[in-house]
Amino acid sequence: MTQEAVNNAKVLYRLGATRQEADELRKLYELTPELLKVLTSPVISIHKKDAVIEKIYQDAGLSKVLVNYTKMMCRLGYIGEIEDILDAFYLYWDRQNHILRAELTCAGTPQPEEEAEARKILAEKYPDCEIVLTEKEDENLLGGYIIKVHHKEYDRSYEGRLRQLERKLTGR
């Protein structure tokens, strides 16, 4: 993700775009990959691109803010980075709204006590955040769970606990 993508994501946030609007915009580009090809094409005039944006965004029910933002991204040559911009927008939006998204990985369906314990660990480490947990199954885990937050991992799996015990016993 480039610094330009991060800066453009901040602009989108400051314009008042919501996470739901960003989701709709992402969906639009996922469902119509030709749209990005048109908007990044050097042979299509900016006036035609503007008309395409107006028509498609209006049909999709997207706000005027997103219409104008996309037009500006086309003019500045950043529209090709829209996926990175949206990824950066999600991260920035979560940070500004004190939302922590974490992934809870278990051997099977997480038990209520595992989820409660994971939430407790995260609440202690990130006290000012609302915690949003997504659950994932990994049949390679023998038991326990692993929590992933951004680039950090909290390993409470049986294998992880055995490694911790081994380190304590061997002094490594």
# chains A, B, ... in the order shown; residues from 1 in each chain; ligands from 1
>>> residues_around(residues="His98 of chain A", least_positions_apart="3", cutoff="10 Å", atoms="only C-alpha atoms", output="list of chain:residue names")
A:Tyr92, A:Trp93, A:Asp94, A:Arg95, A:Arg101, A:Tyr126, A:Pro127, A:Asp128, A:Cys129, A:Glu130, A:Ile131
>>> residues_around(residues="Asn7 of chain A", least_positions_apart="2", cutoff="12 Å", atoms="only C-alpha atoms", output="PyMOL selection string")
chain A and resi 1-5+9-14+73+78+81+84-89+92
>>> write_last_selection(atoms="C-alpha atoms", output="CSV table (one decimal), in the first residue's frame")
chain,number,residue,atom,x,y,z
A,1,MET,CA,0.0,0.0,0.0
A,2,THR,CA,1.5,3.3,-1.1
A,3,GLN,CA,1.6,6.5,0.9
A,4,GLU,CA,-0.6,8.1,-1.8
A,5,ALA,CA,-3.2,5.4,-1.2
A,9,ALA,CA,-8.0,7.2,2.0
A,10,LYS,CA,-7.7,9.9,4.7
A,11,VAL,CA,-9.3,12.4,2.2
A,12,LEU,CA,-12.2,10.0,1.6
A,13,TYR,CA,-12.7,9.7,5.4
A,14,ARG,CA,-12.5,13.5,5.9
A,73,MET,CA,-9.0,10.3,-8.4
A,78,TYR,CA,-4.9,7.5,-8.6
A,81,GLU,CA,-5.2,2.3,-6.8
A,84,ASP,CA,-5.5,0.0,-1.9
A,85,ILE,CA,-7.2,3.2,-1.1
A,86,LEU,CA,-10.3,1.3,0.2
A,87,ASP,CA,-8.1,-1.0,2.2
A,88,ALA,CA,-6.3,2.0,3.8
A,89,PHE,CA,-9.7,3.7,4.3
A,92,TYR,CA,-8.1,4.5,9.0
>>> residues_around(residues="Ala60 of chain A", least_positions_apart="3", cutoff="8 Å", atoms="only C-alpha atoms", output="list in words")
Leu28, Ile56 and Tyr57 of chain A
>>> select_by_dssp(residues="segment 11-118 of chain A", states="strand (DSSP E or B)", output="PyMOL selection string")
chain A and resi 99-106
>>> write_last_selection(atoms="C-alpha atoms", output="mmCIF file, in the first residue's frame")
data_model
loop_
_atom_site.group_PDB
_atom_site.id
_atom_site.type_symbol
_atom_site.label_atom_id
_atom_site.label_comp_id
_atom_site.auth_asym_id
_atom_site.auth_seq_id
_atom_site.Cartn_x
_atom_site.Cartn_y
_atom_site.Cartn_z
ATOM 1 C CA ILE A 99 -12.683 -0.395 16.430
ATOM 2 C CA LEU A 100 -10.351 -3.352 16.704
ATOM 3 C CA ARG A 101 -10.879 -6.174 14.239
ATOM 4 C CA ALA A 102 -9.405 -9.494 15.297
ATOM 5 C CA GLU A 103 -9.538 -13.047 14.001
ATOM 6 C CA LEU A 104 -10.158 -15.921 16.405
ATOM 7 C CA THR A 105 -8.938 -19.234 15.012
ATOM 8 C CA CYS A 106 -10.004 -22.465 16.726
#
>>> atom_distance(atom1="atom CA of Thr109 of chain A", atom2="atom CA of Leu162 of chain A")
22.0 Å
>>> closest_residue(among="A:Lys48, A:Glu83, A:Gly77, A:Gly16", to="Lys64 of chain A", atoms="only C-alpha atoms")
A:Gly16
>>> residues_around(residues="Gly160 of chain A", least_positions_apart="3", cutoff="10 Å", atoms="only C-alpha atoms", output="list in words")
Leu141, Gly143, Gly144, Tyr145, Ile146, Tyr154, Asp155, Arg156, Ser157, Arg163, Gln164, Leu165 and Glu166 of chain A
>>> closest_residue(among="A:Gly108, A:Asn140, A:Arg161, A:Leu25", to="Val67 of chain A", atoms="only C-alpha atoms")
A:Leu25
>>> closest_residue(among="A:Ser45, A:Ser63, A:Thr40, A:Thr32", to="Thr18 of chain A", atoms="only C-alpha atoms")
A:Ser63
>>> closest_residue(among="A:Gly61, A:Leu31, A:Gln20, A:Ile79", to="Asn8 of chain A", atoms="only C-alpha atoms")
A:Ile79
>>> atom_distance(atom1="atom CA of Asp59 of chain A", atom2="atom CA of Tyr29 of chain A")
13.6 Å
>>> decode(residues="segment 131-145 of chain A", atoms="all heavy atoms", output="PDB file, in the first residue's frame")
ATOM      1  N   ILE A 131     -14.325  -4.282  20.197  1.00  0.00           N
ATOM      2  CA  ILE A 131     -13.704  -5.460  19.594  1.00  0.00           C
ATOM      3  C   ILE A 131     -14.692  -6.166  18.673  1.00  0.00           C
ATOM      4  O   ILE A 131     -15.807  -6.491  19.076  1.00  0.00           O
ATOM      5  CB  ILE A 131     -13.207  -6.425  20.687  1.00  0.00           C
ATOM      6  CG1 ILE A 131     -12.126  -5.725  21.518  1.00  0.00           C
ATOM      7  CG2 ILE A 131     -12.680  -7.712  20.081  1.00  0.00           C
ATOM      8  CD1 ILE A 131     -11.821  -6.374  22.821  1.00  0.00           C
ATOM      9  N   VAL A 132     -14.252  -6.371  17.431  1.00  0.00           N
ATOM     10  CA  VAL A 132     -15.045  -7.100  16.448  1.00  0.00           C
ATOM     11  C   VAL A 132     -14.264  -8.367  16.118  1.00  0.00           C
ATOM     12  O   VAL A 132     -13.171  -8.302  15.531  1.00  0.00           O
ATOM     13  CB  VAL A 132     -15.286  -6.258  15.174  1.00  0.00           C
ATOM     14  CG1 VAL A 132     -16.042  -7.073  14.138  1.00  0.00           C
ATOM     15  CG2 VAL A 132     -16.022  -4.977  15.515  1.00  0.00           C
ATOM     16  N   LEU A 133     -14.799  -9.499  16.525  1.00  0.00           N
ATOM     17  CA  LEU A 133     -14.123 -10.786  16.310  1.00  0.00           C
ATOM     18  C   LEU A 133     -14.734 -11.523  15.126  1.00  0.00           C
ATOM     19  O   LEU A 133     -15.957 -11.626  15.020  1.00  0.00           O
ATOM     20  CB  LEU A 133     -14.291 -11.687  17.532  1.00  0.00           C
ATOM     21  CG  LEU A 133     -13.254 -11.653  18.628  1.00  0.00           C
ATOM     22  CD1 LEU A 133     -13.593 -12.669  19.704  1.00  0.00           C
ATOM     23  CD2 LEU A 133     -11.862 -11.866  18.131  1.00  0.00           C
ATOM     24  N   THR A 134     -13.872 -12.008  14.245  1.00  0.00           N
ATOM     25  CA  THR A 134     -14.331 -12.932  13.218  1.00  0.00           C
ATOM     26  C   THR A 134     -13.765 -14.297  13.584  1.00  0.00           C
ATOM     27  O   THR A 134     -12.662 -14.396  14.114  1.00  0.00           O
ATOM     28  CB  THR A 134     -13.873 -12.525  11.802  1.00  0.00           C
ATOM     29  OG1 THR A 134     -12.450 -12.412  11.792  1.00  0.00           O
ATOM     30  CG2 THR A 134     -14.483 -11.213  11.379  1.00  0.00           C
ATOM     31  N   GLU A 135     -14.529 -15.301  13.302  1.00  0.00           N
ATOM     32  CA  GLU A 135     -14.132 -16.652  13.698  1.00  0.00           C
ATOM     33  C   GLU A 135     -13.695 -17.456  12.491  1.00  0.00           C
ATOM     34  O   GLU A 135     -14.262 -17.319  11.407  1.00  0.00           O
ATOM     35  CB  GLU A 135     -15.295 -17.346  14.410  1.00  0.00           C
ATOM     36  CG  GLU A 135     -15.705 -16.621  15.668  1.00  0.00           C
ATOM     37  CD  GLU A 135     -16.982 -17.168  16.272  1.00  0.00           C
ATOM     38  OE1 GLU A 135     -17.622 -18.052  15.667  1.00  0.00           O
ATOM     39  OE2 GLU A 135     -17.353 -16.692  17.356  1.00  0.00           O
ATOM     40  N   LYS A 136     -12.680 -18.278  12.710  1.00  0.00           N
ATOM     41  CA  LYS A 136     -12.125 -19.102  11.642  1.00  0.00           C
ATOM     42  C   LYS A 136     -11.786 -20.464  12.245  1.00  0.00           C
ATOM     43  O   LYS A 136     -11.342 -20.544  13.392  1.00  0.00           O
ATOM     44  CB  LYS A 136     -10.869 -18.412  11.092  1.00  0.00           C
ATOM     45  CG  LYS A 136     -10.189 -19.130   9.979  1.00  0.00           C
ATOM     46  CD  LYS A 136      -8.970 -18.322   9.521  1.00  0.00           C
ATOM     47  CE  LYS A 136      -8.107 -19.155   8.615  1.00  0.00           C
ATOM     48  NZ  LYS A 136      -6.844 -18.481   8.321  1.00  0.00           N
ATOM     49  N   GLU A 137     -12.007 -21.491  11.461  1.00  0.00           N
ATOM     50  CA  GLU A 137     -11.667 -22.844  11.921  1.00  0.00           C
ATOM     51  C   GLU A 137     -10.384 -23.305  11.253  1.00  0.00           C
ATOM     52  O   GLU A 137     -10.160 -23.049  10.074  1.00  0.00           O
ATOM     53  CB  GLU A 137     -12.796 -23.822  11.599  1.00  0.00           C
ATOM     54  CG  GLU A 137     -14.041 -23.594  12.428  1.00  0.00           C
ATOM     55  CD  GLU A 137     -15.117 -24.638  12.192  1.00  0.00           C
ATOM     56  OE1 GLU A 137     -14.778 -25.781  11.819  1.00  0.00           O
ATOM     57  OE2 GLU A 137     -16.296 -24.307  12.376  1.00  0.00           O
ATOM     58  N   ASP A 138      -9.546 -23.992  12.025  1.00  0.00           N
ATOM     59  CA  ASP A 138      -8.312 -24.580  11.506  1.00  0.00           C
ATOM     60  C   ASP A 138      -8.190 -25.972  12.109  1.00  0.00           C
ATOM     61  O   ASP A 138      -7.876 -26.133  13.284  1.00  0.00           O
ATOM     62  CB  ASP A 138      -7.095 -23.731  11.881  1.00  0.00           C
ATOM     63  CG  ASP A 138      -5.792 -24.276  11.314  1.00  0.00           C
ATOM     64  OD1 ASP A 138      -5.785 -25.378  10.720  1.00  0.00           O
ATOM     65  OD2 ASP A 138      -4.765 -23.586  11.472  1.00  0.00           O
ATOM     66  N   GLU A 139      -8.476 -26.967  11.290  1.00  0.00           N
ATOM     67  CA  GLU A 139      -8.475 -28.342  11.799  1.00  0.00           C
ATOM     68  C   GLU A 139      -7.083 -28.836  12.189  1.00  0.00           C
ATOM     69  O   GLU A 139      -6.944 -29.863  12.838  1.00  0.00           O
ATOM     70  CB  GLU A 139      -9.139 -29.279  10.784  1.00  0.00           C
ATOM     71  CG  GLU A 139      -8.889 -28.869   9.366  1.00  0.00           C
ATOM     72  CD  GLU A 139      -9.802 -29.527   8.361  1.00  0.00           C
ATOM     73  OE1 GLU A 139     -11.023 -29.295   8.407  1.00  0.00           O
ATOM     74  OE2 GLU A 139      -9.252 -30.235   7.521  1.00  0.00           O
ATOM     75  N   ASN A 140      -6.028 -28.090  11.848  1.00  0.00           N
ATOM     76  CA  ASN A 140      -4.669 -28.470  12.232  1.00  0.00           C
ATOM     77  C   ASN A 140      -4.385 -28.173  13.706  1.00  0.00           C
ATOM     78  O   ASN A 140      -3.446 -28.714  14.274  1.00  0.00           O
ATOM     79  CB  ASN A 140      -3.632 -27.753  11.361  1.00  0.00           C
ATOM     80  CG  ASN A 140      -3.703 -28.216   9.913  1.00  0.00           C
ATOM     81  OD1 ASN A 140      -3.968 -29.383   9.643  1.00  0.00           O
ATOM     82  ND2 ASN A 140      -3.502 -27.293   8.998  1.00  0.00           N
ATOM     83  N   LEU A 141      -5.199 -27.305  14.313  1.00  0.00           N
ATOM     84  CA  LEU A 141      -5.034 -27.038  15.744  1.00  0.00           C
ATOM     85  C   LEU A 141      -5.595 -28.218  16.528  1.00  0.00           C
ATOM     86  O   LEU A 141      -6.681 -28.706  16.222  1.00  0.00           O
ATOM     87  CB  LEU A 141      -5.793 -25.770  16.154  1.00  0.00           C
ATOM     88  CG  LEU A 141      -5.223 -24.428  15.733  1.00  0.00           C
ATOM     89  CD1 LEU A 141      -6.138 -23.305  16.209  1.00  0.00           C
ATOM     90  CD2 LEU A 141      -3.841 -24.225  16.280  1.00  0.00           C
ATOM     91  N   LEU A 142      -4.872 -28.646  17.518  1.00  0.00           N
ATOM     92  CA  LEU A 142      -5.355 -29.743  18.357  1.00  0.00           C
ATOM     93  C   LEU A 142      -6.383 -29.247  19.365  1.00  0.00           C
ATOM     94  O   LEU A 142      -7.279 -29.979  19.766  1.00  0.00           O
ATOM     95  CB  LEU A 142      -4.183 -30.392  19.096  1.00  0.00           C
ATOM     96  CG  LEU A 142      -3.118 -31.031  18.209  1.00  0.00           C
ATOM     97  CD1 LEU A 142      -1.954 -31.521  19.044  1.00  0.00           C
ATOM     98  CD2 LEU A 142      -3.727 -32.176  17.419  1.00  0.00           C
ATOM     99  N   GLY A 143      -6.242 -28.005  19.772  1.00  0.00           N
ATOM    100  CA  GLY A 143      -7.147 -27.401  20.731  1.00  0.00           C
ATOM    101  C   GLY A 143      -6.676 -26.006  21.042  1.00  0.00           C
ATOM    102  O   GLY A 143      -5.622 -25.570  20.588  1.00  0.00           O
ATOM    103  N   GLY A 144      -7.453 -25.295  21.834  1.00  0.00           N
ATOM    104  CA  GLY A 144      -7.103 -23.920  22.149  1.00  0.00           C
ATOM    105  C   GLY A 144      -7.465 -23.001  20.993  1.00  0.00           C
ATOM    106  O   GLY A 144      -8.284 -23.343  20.146  1.00  0.00           O
ATOM    107  N   TYR A 145      -6.810 -21.852  20.944  1.00  0.00           N
ATOM    108  CA  TYR A 145      -7.123 -20.877  19.902  1.00  0.00           C
ATOM    109  C   TYR A 145      -5.946 -19.938  19.665  1.00  0.00           C
ATOM    110  O   TYR A 145      -5.017 -19.866  20.468  1.00  0.00           O
ATOM    111  CB  TYR A 145      -8.376 -20.067  20.286  1.00  0.00           C
ATOM    112  CG  TYR A 145      -8.244 -19.346  21.602  1.00  0.00           C
ATOM    113  CD1 TYR A 145      -7.714 -18.054  21.660  1.00  0.00           C
ATOM    114  CD2 TYR A 145      -8.631 -19.950  22.795  1.00  0.00           C
ATOM    115  CE1 TYR A 145      -7.572 -17.398  22.865  1.00  0.00           C
ATOM    116  CE2 TYR A 145      -8.496 -19.295  24.001  1.00  0.00           C
ATOM    117  CZ  TYR A 145      -7.969 -18.020  24.034  1.00  0.00           C
ATOM    118  OH  TYR A 145      -7.840 -17.377  25.229  1.00  0.00           O
TER     119      TYR A 145
END
